[in-house]
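Asker: One structure, pasted below without further comment.
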Amino acid sequence: MASKPQRDPELESILEKIRQVRNFDFRNYKRATLQRRIDRRMAATRCKTRGAYLALLDRDPNEVNTLVSSMLIKLTTFFRDTEVWASLEKVLRELVRKRKPDQELRIWSAGCATGEEAYSIAIAAAEALGPGYPGPELKVFGTDADEGAIAFARRGVYSPQQLKGCSQERLERWFVPHGDGHAVRKEIRRAVVFGVNNLVSDAPVSRIDLIVCRNVFIYLDSEMQKRVLSRFHFALRREGVLVLGRSELIPFAARLFEPVDLSRRIYRKDGRQELSLMPRQRLLASVAREAPPADEQPSAVQEAQRRLFKEVIDSQPCPMIATTLEGVVTLVNPAATRLWSRAERELSGKRLVSLGLPGLPQELLVEQSARVLSGRSERETAAGLLEHPNSAAVALQAEVIPLRGASNDTQGLLYVAHDVTALRTLEQNIQHATQELNGVNLRLQKSNAELRASNEELETTNEELQSANEELQTTNEELQSTNEELETTNEELQSTNAELDATNRELAHRTQEMDALSFIQRTTIRTLSAGVVVLDASGRITAWNLAAERLMGLTEREAVGQLLWTLSIPALKRSLLTRIRKYLADNRSLRLEDVSYQLPHGGRGRAMLVVTPLVLGDQTLGSILLFEDTTRLAALTQEKRELKERLRK
């Protein structure tokens, strides 16, 4: 079996620094992605080594925040990827069709960044529900690990660039103008609840019909992908739908979920188990059935044992809940119903993990219960807190123990909750008193040391404190100056971006003007009566107008791109071409007033030839040949001369 690649200790130190300062754990993210993000920040801060960058993180906590923001890539727009949204709209219509009238439609947008995806899902769900919606029956949860992105999403105001994926009809129906952009309407904003949630470490949202988590798994390694998928499996209701990003083809996702549209990464929860993905007991707890089948009726002996057991736990003052091996609630004593203000009929027959009873941690209900079921632990405990809106919170010490039968085999689990509020209060009071006592002792020791010190030592201490205070003031002024410089740099960068945008628009405008001038120039050259031939610096033809086609017998398509010296042109003899080439090689102009040439259709004609090199500074750009037919003019001149001679006679 291949060993894991050795990890860079400096990179791991940077990740540990982030975990300490921001409580973000990137240790299970793909190292190649993290290295690219860190290298980009190193280039921006001009740190040549990772050691230097780690020292910068120690000095500047703001750089830690900047690095975390760059690692949490937030690339999202409204209704991104139209093909996926077409499939999503079908899924939403199907969920609405199967929804019971009193059932809440619950959707989770995991990794929602700045909220565009969560609002898009809410809009599509409202349209699927029909006119008059949304109302309290729709709840969309938008979560992300970045607090800044969640704060932006809660405002619900977006620029035209962020809204370009939204159709004009949806823009007019679900948004209102706000400044230079648009704000999401109140009815949609009320349906969306945003919160900070780390998919890797925080508890998932429960009882979900649809989870949309696109382009998050590409940054996680395979083990972390399995953990997050198991959380999604736990969060989804039966027949719930999971949508991943189109670039996220995770082979083991199809083992835990039923593929609906694999090309668009759409899956449905079907209750199948994948034992290699997570501990078997944890998966069973998340996909167990709600209640035993109707045909599994208990025997008379079992019913008597059940009644006896119920009488026993009903007589106990501590809240108790008994479950089957699959986690389905079978018995609840009166103390538990009073503690959680829930009737026994509301709890019996349902999975305990899905009830969301406050004070019973998910860790106890899943991982710790799995250890008791597997026999790895005889008893597990966990601390919880039960908060009441109109009274003080109750501190609970919850424990889970196995229920064993006559043959000592585990037949279920018993959850017991002890009210330890008084004990916790006492512990806090003792801890507070201990801290105060320690403080008093320290103050007494300090007072004794001060009494033993001489007046000279007191004066020296006073001078040292004054010097330290001055140094601290100087340091504070330097830090304030540095902060002002950073703000100035940020404003300069924003100004530079604005100038670059203006320059781009100016270049686009200039390009349009150049295109127009080029079109006018070409049209002008094409309409001249004289033949115009434009050559580049190597003598290759770049322009050949209509008069040149008429006088020299070659079309523009035949001439453009060819070397003038290699063409056979009746109007330009080989000796004349050689002479032209020699003049152009010396950057000299040539003007021939009377050139005899052969017409393309036969016969002879007279023309004026002007050859002019195009020189800009020390650079030769090419040359222009003007070939103007003077046959008519020469004939008229000859007639005029003959007429004058006859008049003299």
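All residue names refer to the structure tokens as shown: chains lettered A, B, ... in order, residues numbered from 1 in each chain, ligands numbered from 1 in order.
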So that I can check the surroundings of Gly240 in chain A, please list as JSON, numbers by chain every protein, DNA and RNA residue that reaches within 12 Å of it, counting only C-alpha atoms and ignoring chain neighbours fewer than 4 positions away.

Answerer: {"A": [91, 92, 94, 95, 98, 99, 105, 106, 107, 108, 206, 207, 208, 209, 210, 211, 212, 232, 233, 234, 235, 236, 257, 258, 259, 260, 266, 267, 268, 269, 270, 271, 287]}

Asker: With DSSP run on the backbone, what are the strand (DSSP E) residues within range 382-417 of chain A? I'd like them as a list of chain:residue names.

Answerer: A:Ala382, A:Ala383, A:Gly384, A:Leu385, A:Leu386, A:Glu387, A:His388, A:Ser391, A:Ala392, A:Ala393, A:Val394, A:Ala395, A:Leu396, A:Gln397, A:Ala398, A:Glu399, A:Val400, A:Ile401, A:Pro402, A:Leu403, A:Arg404, A:Thr410, A:Gln411, A:Gly412, A:Leu413, A:Leu414, A:Tyr415, A:Val416, A:Ala417

Asker: So that I can see what lies close to Leu129 in chain A, please list as a PyMOL selection string the residues with an atom at most 9 Å from it, counting only C-alpha atoms and leaving out residues fewer than 6 positions away in the same chain.

Answerer: chain A and resi 92-93+96-97+138

Asker: Neighbouring residues of Gln35 in chain A were defined as those with any atom within 8 Å, considering only C-alpha atoms; residues of the same chain fewer than 4 positions away were excluded. Please report them as a list of chain:residue names.

Answerer: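 Skipping anything fewer than 4 positions along the chain leaves A:Leu11, A:Arg31, A:Asp39.
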
Asker: Would you save the residues of that selection, restricted to N, CA and C atoms, as a CSV table (one decimal), in the first residue's frame?

Answerer:
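Saved file part_24.csv follows:
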```csv
chain,number,residue,atom,x,y,z
A,11,LEU,N,4.1,24.7,5.3
A,11,LEU,CA,2.7,24.8,4.8
A,11,LEU,C,1.8,24.4,6.0
A,31,ARG,N,-4.0,19.9,-0.9
A,31,ARG,CA,-2.8,20.7,-0.7
A,31,ARG,C,-2.5,21.5,-2.0
A,39,ASP,N,0.8,30.8,-2.4
A,39,ASP,CA,1.8,31.4,-3.2
A,39,ASP,C,1.3,32.8,-3.8
```

Asker: Report, in Å with one decimal, the straight-line distance from CA of Leu373 in chain A to CA of Asp314 in chain A.

Answerer: 23.9 Å

Asker: Report the distance between CA of Ile38 in chain A and CA of Leu15 in chain A in Å, rounded to one decimal place.

Answerer: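 One can read the CA of Ile38 in chain A to CA of Leu15 in chain A distance as 10.0 Å.
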
Asker: Closest to Gly181 in chain A among A:Arg19, A:Arg46, A:Lys649, A:Val157, using only C-alpha atoms?

Answerer: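 Of all the options, A:Val157 lies closest to Gly181 in chain A.
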
Asker: Set the distance at 12 Å and use only C-alpha atoms: which residues neighbour range 473-489 of chain A once local chain neighbours fewer than 5 positions away are removed? I'd like the list as a ChimeraX atom specification.

Answerer: /A:59-60,62-63,466-468,494-496

Asker: Put those residues in a file: all heavy atoms, as an mmCIF file, in the first residue's frame.

Answerer:
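Saved to part.cif:
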```cif
data_model
loop_
_atom_site.group_PDB
_atom_site.id
_atom_site.type_symbol
_atom_site.label_atom_id
_atom_site.label_comp_id
_atom_site.auth_asym_id
_atom_site.auth_seq_id
_atom_site.Cartn_x
_atom_site.Cartn_y
_atom_site.Cartn_z
ATOM 1 N N ARG A 59 2.823 38.678 12.660
ATOM 2 C CA ARG A 59 2.824 40.113 12.930
ATOM 3 C C ARG A 59 1.497 40.777 12.597
ATOM 4 O O ARG A 59 1.093 41.728 13.265
ATOM 5 C CB ARG A 59 3.937 40.806 12.117
ATOM 6 C CG ARG A 59 5.337 40.387 12.469
ATOM 7 C CD ARG A 59 6.355 41.342 11.839
ATOM 8 N NE ARG A 59 6.127 41.538 10.423
ATOM 9 C CZ ARG A 59 6.683 40.808 9.469
ATOM 10 N NH1 ARG A 59 7.499 39.816 9.790
ATOM 11 N NH2 ARG A 59 6.433 41.054 8.188
ATOM 12 N N ASP A 60 0.848 40.322 11.553
ATOM 13 C CA ASP A 60 -0.321 41.039 11.026
ATOM 14 C C ASP A 60 -1.545 40.115 10.990
ATOM 15 O O ASP A 60 -1.692 39.300 10.069
ATOM 16 C CB ASP A 60 -0.006 41.561 9.622
ATOM 17 C CG ASP A 60 -1.101 42.469 9.086
ATOM 18 O OD1 ASP A 60 -2.072 42.730 9.820
ATOM 19 O OD2 ASP A 60 -0.998 42.905 7.945
ATOM 20 N N ASN A 62 -4.485 40.859 10.174
ATOM 21 C CA ASN A 62 -5.314 41.162 8.997
ATOM 22 C C ASN A 62 -4.917 40.317 7.804
ATOM 23 O O ASN A 62 -5.753 39.979 6.963
ATOM 24 C CB ASN A 62 -5.189 42.650 8.644
ATOM 25 C CG ASN A 62 -5.851 43.542 9.684
ATOM 26 O OD1 ASN A 62 -6.807 43.127 10.317
ATOM 27 N ND2 ASN A 62 -5.341 44.736 9.856
ATOM 28 N N GLU A 63 -3.624 39.969 7.709
ATOM 29 C CA GLU A 63 -3.188 39.118 6.601
ATOM 30 C C GLU A 63 -3.782 37.722 6.723
ATOM 31 O O GLU A 63 -4.061 37.064 5.715
ATOM 32 C CB GLU A 63 -1.655 39.048 6.568
ATOM 33 C CG GLU A 63 -1.077 38.173 5.452
ATOM 34 C CD GLU A 63 -1.513 38.599 4.059
ATOM 35 O OE1 GLU A 63 -1.872 39.778 3.868
ATOM 36 O OE2 GLU A 63 -1.527 37.730 3.163
ATOM 37 N N GLN A 466 7.898 54.739 32.776
ATOM 38 C CA GLN A 466 7.700 55.924 31.945
ATOM 39 C C GLN A 466 8.321 55.717 30.563
ATOM 40 O O GLN A 466 7.732 56.076 29.537
ATOM 41 C CB GLN A 466 8.314 57.143 32.633
ATOM 42 C CG GLN A 466 8.053 58.468 31.900
ATOM 43 C CD GLN A 466 8.582 59.659 32.676
ATOM 44 O OE1 GLN A 466 9.123 59.487 33.772
ATOM 45 N NE2 GLN A 466 8.429 60.839 32.131
ATOM 46 N N SER A 467 9.529 55.124 30.531
ATOM 47 C CA SER A 467 10.176 54.844 29.242
ATOM 48 C C SER A 467 9.359 53.855 28.422
ATOM 49 O O SER A 467 9.186 54.022 27.203
ATOM 50 C CB SER A 467 11.580 54.292 29.488
ATOM 51 O OG SER A 467 12.197 53.931 28.275
ATOM 52 N N ALA A 468 8.851 52.815 29.095
ATOM 53 C CA ALA A 468 8.036 51.817 28.379
ATOM 54 C C ALA A 468 6.766 52.447 27.820
ATOM 55 O O ALA A 468 6.323 52.117 26.713
ATOM 56 C CB ALA A 468 7.684 50.666 29.318
ATOM 57 N N GLN A 494 -7.839 51.001 -5.946
ATOM 58 C CA GLN A 494 -9.182 51.190 -6.503
ATOM 59 C C GLN A 494 -9.159 52.237 -7.612
ATOM 60 O O GLN A 494 -9.812 52.084 -8.651
ATOM 61 C CB GLN A 494 -10.142 51.605 -5.388
ATOM 62 C CG GLN A 494 -10.408 50.524 -4.356
ATOM 63 C CD GLN A 494 -11.304 50.991 -3.245
ATOM 64 O OE1 GLN A 494 -11.646 52.166 -3.177
ATOM 65 N NE2 GLN A 494 -11.696 50.079 -2.358
ATOM 66 N N SER A 495 -8.391 53.325 -7.377
ATOM 67 C CA SER A 495 -8.284 54.359 -8.410
ATOM 68 C C SER A 495 -7.621 53.807 -9.665
ATOM 69 O O SER A 495 -8.035 54.099 -10.791
ATOM 70 C CB SER A 495 -7.483 55.543 -7.866
ATOM 71 O OG SER A 495 -7.273 56.509 -8.864
ATOM 72 N N THR A 496 -6.570 52.971 -9.462
ATOM 73 C CA THR A 496 -5.889 52.364 -10.615
ATOM 74 C C THR A 496 -6.834 51.469 -11.404
ATOM 75 O O THR A 496 -6.830 51.465 -12.641
ATOM 76 C CB THR A 496 -4.682 51.552 -10.125
ATOM 77 O OG1 THR A 496 -3.800 52.414 -9.396
ATOM 78 C CG2 THR A 496 -3.929 50.945 -11.303
#
```

Asker: For Val176 in chain A, list every protein, DNA or RNA residue within 12 Å, evaluated using only C-alpha atoms, and leave out those in the same chain fewer than 5 positions away; present the list as a list in words.

Answerer: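 So the residues in contact are Gly156, Val157, Tyr158, Ser159, Arg170, Leu171, Gly181, His182, Ala183, Val184, Arg185, Lys186, Glu187 and Ile188 of chain A.
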
Asker: What is the CA of Arg190 in chain A-CA of Glu104 in chain A distance in Å, reported with one decimal?

Answerer: 14.3 Å

Asker: Assign secondary structure with DSSP using the backbone only, and return the residues of range 120-209 of chain A in alpha helix (DSSP H) as a PyMOL selection string.

Answerer: chain A and resi 120-129+147-155+168-174+186-191

Asker: Save out the residues we just selected, C-alpha atoms, as a tab-separated table (two decimals), in the first residue's frame.

Answerer:
```
chain	number	residue	atom	x	y	z
A	120	SER	CA	-31.93	31.74	-7.00
A	121	ILE	CA	-33.21	28.53	-5.36
A	122	ALA	CA	-35.82	30.49	-3.39
A	123	ILE	CA	-37.05	32.20	-6.58
A	124	ALA	CA	-37.24	28.90	-8.49
A	125	ALA	CA	-39.05	27.23	-5.56
A	126	ALA	CA	-41.54	30.11	-5.31
A	127	GLU	CA	-42.28	29.77	-9.02
A	128	ALA	CA	-42.74	26.00	-8.60
A	129	LEU	CA	-45.16	26.55	-5.69
A	147	GLU	CA	-18.80	35.48	7.92
A	148	GLY	CA	-18.16	38.40	5.53
A	149	ALA	CA	-19.87	36.59	2.64
A	150	ILE	CA	-22.89	35.75	4.85
A	151	ALA	CA	-23.16	39.40	5.96
A	152	PHE	CA	-23.18	40.47	2.29
A	153	ALA	CA	-25.85	37.85	1.47
A	154	ARG	CA	-28.13	39.05	4.27
A	155	ARG	CA	-28.22	42.56	2.73
A	168	GLN	CA	-35.56	40.35	-17.39
A	169	GLU	CA	-38.87	38.81	-16.34
A	170	ARG	CA	-37.42	37.50	-13.05
A	171	LEU	CA	-35.58	40.77	-12.48
A	172	GLU	CA	-38.83	42.74	-12.69
A	173	ARG	CA	-40.81	40.24	-10.59
A	174	TRP	CA	-38.42	39.38	-7.74
A	186	LYS	CA	-38.92	41.10	0.98
A	187	GLU	CA	-41.02	37.99	0.38
A	188	ILE	CA	-37.97	36.14	-0.98
A	189	ARG	CA	-35.65	37.50	1.72
A	190	ARG	CA	-38.06	36.29	4.42
A	191	ALA	CA	-37.92	32.78	2.95
```

Asker: Applying 9 Å and only C-alpha atoms, which residues near range 589-601 of chain A remain after dropping the ones on its own chain fewer than 3 positions away? List them as an MDAnalysis selection string.

Answerer: chainID A and resid 550:554 569:573 580 583:584 586 604:613 630 634

Asker: Smallest atom-to-atom distance to Gly375 in chain A: which of A:Asn65, A:Thr410, A:Thr421, A:Ser87, using only C-alpha atoms?

Answerer: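 Of the candidates, the smallest distance to Gly375 in chain A is held by A:Thr410.
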
Asker: From the set A:Gly531, A:Glu363, A:Glu471, A:Ala322, which residue has the shortest atom-to-atom contact distance to Arg404 in chain A, counting only C-alpha atoms?

Answerer: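 Looking at the shortest contact to Arg404 in chain A, the residue is A:Ala322.
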
Asker: Using only C-alpha atoms, which of A:Glu326, A:Glu464, A:Glu83, A:Asp419 sits nearest Leu352 in chain A?

Answerer: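 Selected residue with least distance to Leu352 in chain A: A:Glu326.
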